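Structure first, commentary second.
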Amino acid sequence: MPVESGSSAASRQAKQKRKCHSLSIRRTNSTEQDRGGLQRDLMESQDSKLPVSLRSNLLDLFGQIEREFENLHIENLELRREIETLNDRLAAEGQTLEGGDLAKGALKTKASHSTSQLSQKLRTTYKASTSKIVSSFKATTSRAVCQLLKEYAGHRDGIWDLSVSRTGPLVLGTASADHSAMLWSIETGKCLLKYVGHQGSVNSIKFHPTEQMALTASGDQTAHIWRYMVQLPTATPAADLTQQQPPPYEEDGELSDREEPDGEGEGPSECPCVRVAATTLRSHQGVVIAADWLVGGRQVVTASWDRAANLYDVETSELVHSLTGHDQELTHCCTHPSQRLVVTSSRDTTFRLWDFRDPAIHSVNVFQGHTDTVTSAVFTAGDNVVSGSDDRTVKVWDLKNMRSPIATIRTDSAVNRISVSVNQRVIALPHDNRQVRLFDMSGVRLARLPRSNRQGHRRMVCCTTWGEDSASCNLFSCGFDRQAIGWNINIPALLQEK
C-alpha cells in the first residue's frame, strides 16, 4: 500500500479545513433569516420611543456587524490551526533531517527570509512615528539643567503670584488666597514677614524698584502699598529635596482632608506681621487682579475685573488716568522695565499696549492674536512682548512691528502668568496641568521642570518669576498646592548666545 507523502497530506488537510470554513460561513449565512425574524420579534415585544423603521435598520446594521465579527473569528481560528500545523511540520522535518546540511540550510534560509520580511514591515510601519519620537527627545535633551533647591510652605490657601525684590535685602514675596502676603528668605526658606492688611484674596505682589516697599492687589477691590524691614537669617546648606518625603497628599494630588492644618503652622506664626498699609488705592468697582510699578516707582497701575486699569500717583494716592476699552474682565497688567509703557490682558482675548512716554498723548494699541482669555502679557528687557493664553499658546511680539507674532509656542495646557528671564531670555510657562516648561524667545523648548510624587507642584501652577540676582535659586514658581518652589536653572552658554 503506497504511503502518502507529508506535503500531499498537508495540502489535503488544508483543503479540508478550507472546506469546513466555507461550510461554517454557509451555515452562518443560512441562519440570517431566522436571526432577523428573532430580532424583529424582540423589537416588537419591547417598548421604545424610536420609530419602527429606524429600529429595524439599527438591528440590521448590528446583525451585519455581528456576522463580520463571526467570520473574522472563524478565520482567526483557522489561521491559528494552520500555524500550529506548520510549526509541527517544521519541528518534525528538523528532527528527521538533523544530519542533512542541505535541509538545515534550506530551513535557515526560509526562516531568515520570513524574519527579514517581518522586520521590514515593522520598519516601514513605524518609521515615521519612531523618528518623530526620537526627534522630540533630541530637541528637549541636554538643553537646560533644572534642579529643585527650596520649598516655601506656610500659606493656608493657594498662591496666586510671587515676585523677587529688586533691591537688598533680596527676598521672595508671595500673594495668596488666604488674604495674606508673605516675604521669605530665598536661601533658608524661612518666613520673614507677613502682611495681613487685606480683607480678600491677595492676587499679586510687586516690589518697588529702589525702596523696601511692596504693592499688593486684592479681591477686596483695593491695592495696598506697604513698607517692610526684614533681616535675613544665616544661610544653611540646601537639603536634597528629592530625598525628602512629600507633604500629605492623596493619590489624586489633592491635599488630604485628614492632614488639613487648623492653624497657620509654626513657621508663619513666628513671622512678624504688618497690618496697616502705608497707602490704600481705591476706585475700582471689582476685584483688583494685578498691580505693578511704573519705571521710577512714582506711579502704579492696577488691573481689575471692572474692565478698567487705573493709573495712580503713589505720593498722593490720587487716580491719574482710568484706562478703559476692554470688553471683559482684566486678568493681568505689566509695566516696561525702562519705559513708560503698560500692557493689560483681558478675558476678551486681547491685550492692549498703553503708551505714556508723551505726557500730552496717551496712545493705545489693541492686539488680537489669541482665541481665548489672555492670562498675561509681559515685557522683555528688549523690544518684545510675550503673551500667554488659555488657548494653550504663547506668542512673542516685536514692539516695532506687532502686526503678527515673530514666534508662536503651542502647548497641551492652558498657560498662566508667564515670566521672561532678563539675562538668559528664557520664557517660563506655568500650566494648569501642574507642569512648568522653559522656551527660548524663538519658540524652541529647552526643558520641563522635574515633577513627581516627591517633588514639583501637585496642583495648578499659577505663576513664575525669575530672580537672577540670587546666589542659588534663579527661578521661582507657585501654585494652588500652597507652596512656592525655588529652582536652579543652568542653560549652556551656546544656547544663550542663540
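As shown in the C-alpha cells, the chain order sets the letters A, B, ...; within each chain, residues go from 1, and ligands are also counted from 1 in the order they appear.
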
Find the residues near Ser317 (chain A): any atom within 9 Å, counting only C-alpha atoms, skip ones fewer than 2 places away on the same chain, and give them as number ranges by chain. A: 279-282, 299, 312-315, 319

Just-selected residues, N, CA, C and O atoms written as a PDB file, in the first residue's frame:
```pdb
ATOM      1  N   THR A 279      -0.299 103.154  52.052  1.00  0.00           N
ATOM      2  CA  THR A 279      -1.187 103.804  51.087  1.00  0.00           C
ATOM      3  C   THR A 279      -2.204 102.790  50.605  1.00  0.00           C
ATOM      4  O   THR A 279      -1.854 101.648  50.280  1.00  0.00           O
ATOM      5  N   THR A 280      -3.460 103.209  50.563  1.00  0.00           N
ATOM      6  CA  THR A 280      -4.535 102.375  50.036  1.00  0.00           C
ATOM      7  C   THR A 280      -5.110 103.037  48.794  1.00  0.00           C
ATOM      8  O   THR A 280      -5.505 104.219  48.838  1.00  0.00           O
ATOM      9  N   LEU A 281      -5.146 102.301  47.696  1.00  0.00           N
ATOM     10  CA  LEU A 281      -5.631 102.822  46.417  1.00  0.00           C
ATOM     11  C   LEU A 281      -7.034 102.284  46.180  1.00  0.00           C
ATOM     12  O   LEU A 281      -7.237 101.077  46.022  1.00  0.00           O
ATOM     13  N   ARG A 282      -8.005 103.210  46.142  1.00  0.00           N
ATOM     14  CA  ARG A 282      -9.406 102.834  45.970  1.00  0.00           C
ATOM     15  C   ARG A 282      -9.981 103.578  44.773  1.00  0.00           C
ATOM     16  O   ARG A 282      -9.742 104.757  44.604  1.00  0.00           O
ATOM     17  N   GLN A 299       4.569 106.058  40.186  1.00  0.00           N
ATOM     18  CA  GLN A 299       3.199 105.741  39.811  1.00  0.00           C
ATOM     19  C   GLN A 299       3.023 104.221  39.757  1.00  0.00           C
ATOM     20  O   GLN A 299       3.992 103.474  39.541  1.00  0.00           O
ATOM     21  N   TYR A 312      -2.255 105.421  39.192  1.00  0.00           N
ATOM     22  CA  TYR A 312      -2.288 106.207  40.426  1.00  0.00           C
ATOM     23  C   TYR A 312      -0.955 106.891  40.658  1.00  0.00           C
ATOM     24  O   TYR A 312       0.098 106.388  40.252  1.00  0.00           O
ATOM     25  N   ASP A 313      -1.028 108.014  41.363  1.00  0.00           N
ATOM     26  CA  ASP A 313       0.159 108.670  41.889  1.00  0.00           C
ATOM     27  C   ASP A 313       0.436 108.104  43.285  1.00  0.00           C
ATOM     28  O   ASP A 313      -0.453 108.102  44.152  1.00  0.00           O
ATOM     29  N   VAL A 314       1.653 107.633  43.511  1.00  0.00           N
ATOM     30  CA  VAL A 314       1.971 106.955  44.763  1.00  0.00           C
ATOM     31  C   VAL A 314       1.962 107.937  45.940  1.00  0.00           C
ATOM     32  O   VAL A 314       1.439 107.637  47.019  1.00  0.00           O
ATOM     33  N   GLU A 315       2.497 109.126  45.759  1.00  0.00           N
ATOM     34  CA  GLU A 315       2.622 110.069  46.864  1.00  0.00           C
ATOM     35  C   GLU A 315       1.262 110.579  47.338  1.00  0.00           C
ATOM     36  O   GLU A 315       1.004 110.693  48.545  1.00  0.00           O
ATOM     37  N   LEU A 319      -6.089 109.126  41.662  1.00  0.00           N
ATOM     38  CA  LEU A 319      -6.250 108.496  40.360  1.00  0.00           C
ATOM     39  C   LEU A 319      -5.825 109.472  39.264  1.00  0.00           C
ATOM     40  O   LEU A 319      -6.359 110.576  39.156  1.00  0.00           O
TER      41      LEU A 319
END
```

Counting only C-alpha atoms, what is within 12 Å of Ser421 (chain A), bar same-chain residues fewer than 4 positions away, as a list in words?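 Residues meeting the cut-off are Val378, Phe379, Thr380, Ala381, Gly382, Val386, Arg425, Val426, Ile427, Ala428, Leu429, Leu438, Phe439, Asp440, Met441, Thr464, Thr465, Trp466, Gly467, Glu468, Asp469, Asn474, Leu475, Phe476, Ile489, Ile491 and Gln496 of chain A.
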
6 Å contact set for region 342-349 of chain A, only C-alpha atoms, chain neighbours under 3 positions out, as a ChimeraX atom specification: /A:327-335,352-354,370-374,376

Within 6 Å of region 388-400 of chain A using only C-alpha atoms, minus same-chain residues under 5 positions, as a ChimeraX atom specification: /A:372-376,383,405-411,413-415

Same residues, N, CA and C atoms, saved as a PDB file, in the first residue's frame:
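Dumped to part.pdb:
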```pdb
ATOM      1  N   ASP A 372      -8.648  82.820  23.027  1.00  0.00           N
ATOM      2  CA  ASP A 372      -9.244  82.623  24.349  1.00  0.00           C
ATOM      3  C   ASP A 372      -8.647  83.667  25.295  1.00  0.00           C
ATOM      4  N   THR A 373      -9.003  83.577  26.565  1.00  0.00           N
ATOM      5  CA  THR A 373      -8.542  84.546  27.557  1.00  0.00           C
ATOM      6  C   THR A 373      -7.028  84.726  27.513  1.00  0.00           C
ATOM      7  N   VAL A 374      -6.572  85.961  27.452  1.00  0.00           N
ATOM      8  CA  VAL A 374      -5.144  86.257  27.561  1.00  0.00           C
ATOM      9  C   VAL A 374      -4.834  86.366  29.056  1.00  0.00           C
ATOM     10  N   THR A 375      -4.127  85.387  29.582  1.00  0.00           N
ATOM     11  CA  THR A 375      -3.884  85.320  31.025  1.00  0.00           C
ATOM     12  C   THR A 375      -2.791  86.273  31.470  1.00  0.00           C
ATOM     13  N   SER A 376      -1.848  86.595  30.590  1.00  0.00           N
ATOM     14  CA  SER A 376      -0.785  87.540  30.944  1.00  0.00           C
ATOM     15  C   SER A 376      -0.060  87.976  29.689  1.00  0.00           C
ATOM     16  N   ASP A 383      12.893  94.777  23.096  1.00  0.00           N
ATOM     17  CA  ASP A 383      11.710  95.356  22.464  1.00  0.00           C
ATOM     18  C   ASP A 383      10.702  94.274  22.118  1.00  0.00           C
ATOM     19  N   PRO A 405       2.854  87.869  15.348  1.00  0.00           N
ATOM     20  CA  PRO A 405       3.916  87.409  16.264  1.00  0.00           C
ATOM     21  C   PRO A 405       5.121  86.900  15.504  1.00  0.00           C
ATOM     22  N   ILE A 406       6.287  87.067  16.107  1.00  0.00           N
ATOM     23  CA  ILE A 406       7.516  86.564  15.487  1.00  0.00           C
ATOM     24  C   ILE A 406       7.779  85.116  15.871  1.00  0.00           C
ATOM     25  N   ALA A 407       7.079  84.627  16.896  1.00  0.00           N
ATOM     26  CA  ALA A 407       7.208  83.223  17.302  1.00  0.00           C
ATOM     27  C   ALA A 407       5.935  82.810  18.025  1.00  0.00           C
ATOM     28  N   THR A 408       5.528  81.558  17.822  1.00  0.00           N
ATOM     29  CA  THR A 408       4.343  81.010  18.477  1.00  0.00           C
ATOM     30  C   THR A 408       4.707  79.681  19.119  1.00  0.00           C
ATOM     31  N   ILE A 409       4.378  79.534  20.380  1.00  0.00           N
ATOM     32  CA  ILE A 409       4.633  78.305  21.128  1.00  0.00           C
ATOM     33  C   ILE A 409       3.288  77.641  21.404  1.00  0.00           C
ATOM     34  N   ARG A 410       3.129  76.400  20.969  1.00  0.00           N
ATOM     35  CA  ARG A 410       1.883  75.659  21.186  1.00  0.00           C
ATOM     36  C   ARG A 410       2.121  74.606  22.255  1.00  0.00           C
ATOM     37  N   THR A 411       1.229  74.556  23.240  1.00  0.00           N
ATOM     38  CA  THR A 411       1.371  73.638  24.357  1.00  0.00           C
ATOM     39  C   THR A 411       0.122  72.770  24.473  1.00  0.00           C
ATOM     40  N   SER A 413      -1.672  72.574  27.426  1.00  0.00           N
ATOM     41  CA  SER A 413      -2.452  73.013  28.580  1.00  0.00           C
ATOM     42  C   SER A 413      -2.499  74.530  28.614  1.00  0.00           C
ATOM     43  N   ALA A 414      -3.526  75.045  29.296  1.00  0.00           N
ATOM     44  CA  ALA A 414      -3.661  76.496  29.434  1.00  0.00           C
ATOM     45  C   ALA A 414      -2.438  77.081  30.141  1.00  0.00           C
ATOM     46  N   VAL A 415      -2.059  78.293  29.731  1.00  0.00           N
ATOM     47  CA  VAL A 415      -0.871  78.962  30.245  1.00  0.00           C
ATOM     48  C   VAL A 415      -1.301  80.073  31.191  1.00  0.00           C
TER      49      VAL A 415
END
```

Any chance you could list, as a ChimeraX atom specification, the residues in region 188-419 of chain A that come up strand (DSSP E) when DSSP is run on the backbone? /A:191-195,202-207,213-218,222-227,273-274,279-282,288-293,299-304,308-313,319-324,330-335,341-346,351-358,361-367,374-379,384-389,393-398,407-410,419

Can you pull out every residue within 7 Å of Ser304 (chain A), counting only C-alpha atoms, but drop anything in the same chain fewer than 6 positions away, and send it as a list of chain:residue names? A:His284, A:Gly286, A:Val287, A:Val288, A:Ile289, A:Glu329, A:Leu330

Export, as a compact mmCIF listing (two decimals), in the first residue's frame, the selected residues with N, CA and C atoms.
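Contents of part.txt, freshly written:
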```txt
# COMPACT_ATOMS: atom_id res chain seq x y z
N HIS A 284 -11.66 101.17 42.18
CA HIS A 284 -12.20 100.08 41.37
C HIS A 284 -13.53 99.61 41.94
N GLY A 286 -14.54 96.43 41.27
CA GLY A 286 -14.45 94.98 41.20
C GLY A 286 -13.12 94.51 41.76
N VAL A 287 -12.91 93.21 41.67
CA VAL A 287 -11.67 92.60 42.16
C VAL A 287 -10.48 93.22 41.45
N VAL A 288 -9.47 93.61 42.22
CA VAL A 288 -8.20 94.07 41.63
C VAL A 288 -7.32 92.84 41.48
N ILE A 289 -7.09 92.46 40.24
CA ILE A 289 -6.43 91.18 39.95
C ILE A 289 -4.92 91.30 39.84
N GLU A 329 -13.43 91.24 31.73
CA GLU A 329 -12.57 91.44 32.89
C GLU A 329 -11.10 91.41 32.53
N LEU A 330 -10.31 92.23 33.21
CA LEU A 330 -8.86 92.19 33.03
C LEU A 330 -8.27 91.04 33.85
```

So which residues touch Asp355 (chain A) within 6 Å, counting only C-alpha atoms, skipping near sequence neighbours fewer than 6 positions away, as a count of residues only? 3

Determine the nearest neighbour of Asn401 (chain A) from the options A:Asp157, A:Ala377, A:Arg417, A:Asn365, counting only C-alpha atoms.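 Nearest candidate to Asn401 (chain A) out of A:Asp157, A:Ala377, A:Arg417, A:Asn365: A:Asn365.
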
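Picture a line from CA of Ile205 (chain A) to CA of Ala291 (chain A); it runs 7.3 Å.
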
Nearest to Tyr152 (chain A), chosen from A:Pro492, A:Gly173, A:Gly168, A:Pro272, with only C-alpha atoms counted in the distances: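 Of all the options, A:Gly173 lies closest to Tyr152 (chain A).
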
Would you mind reading off the distance between CA of Asp60 (chain A) and CA of Asn76 (chain A), one decimal, in Å?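 Separating CA of Asp60 (chain A) from CA of Asn76 (chain A) is a distance of 24.3 Å.
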
So how far away is CA of Asp292 (chain A) from CA of Asn310 (chain A), in Å?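 If I compute the distance from CA of Asn310 (chain A) to CA of Asp292 (chain A), I get 10.7 Å.
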
Go through A:Gln147, A:Asn57, A:Thr302, A:Asn87 one by one, measure the shortest atom-to-atom distance of each to Ser322 (chain A) using only C-alpha atoms, and give the residue with the smallest value.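 Smallest distance to Ser322 (chain A) is found for A:Thr302.
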
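Residues lying within 8 Å of Ala214 (chain A), counting only C-alpha atoms and ignoring same-chain neighbours fewer than 2 positions away, are Ile205, Lys206, Phe207, His208, Gln212, Thr216, Ile225, Trp226, Arg227 and Tyr228 of chain A.
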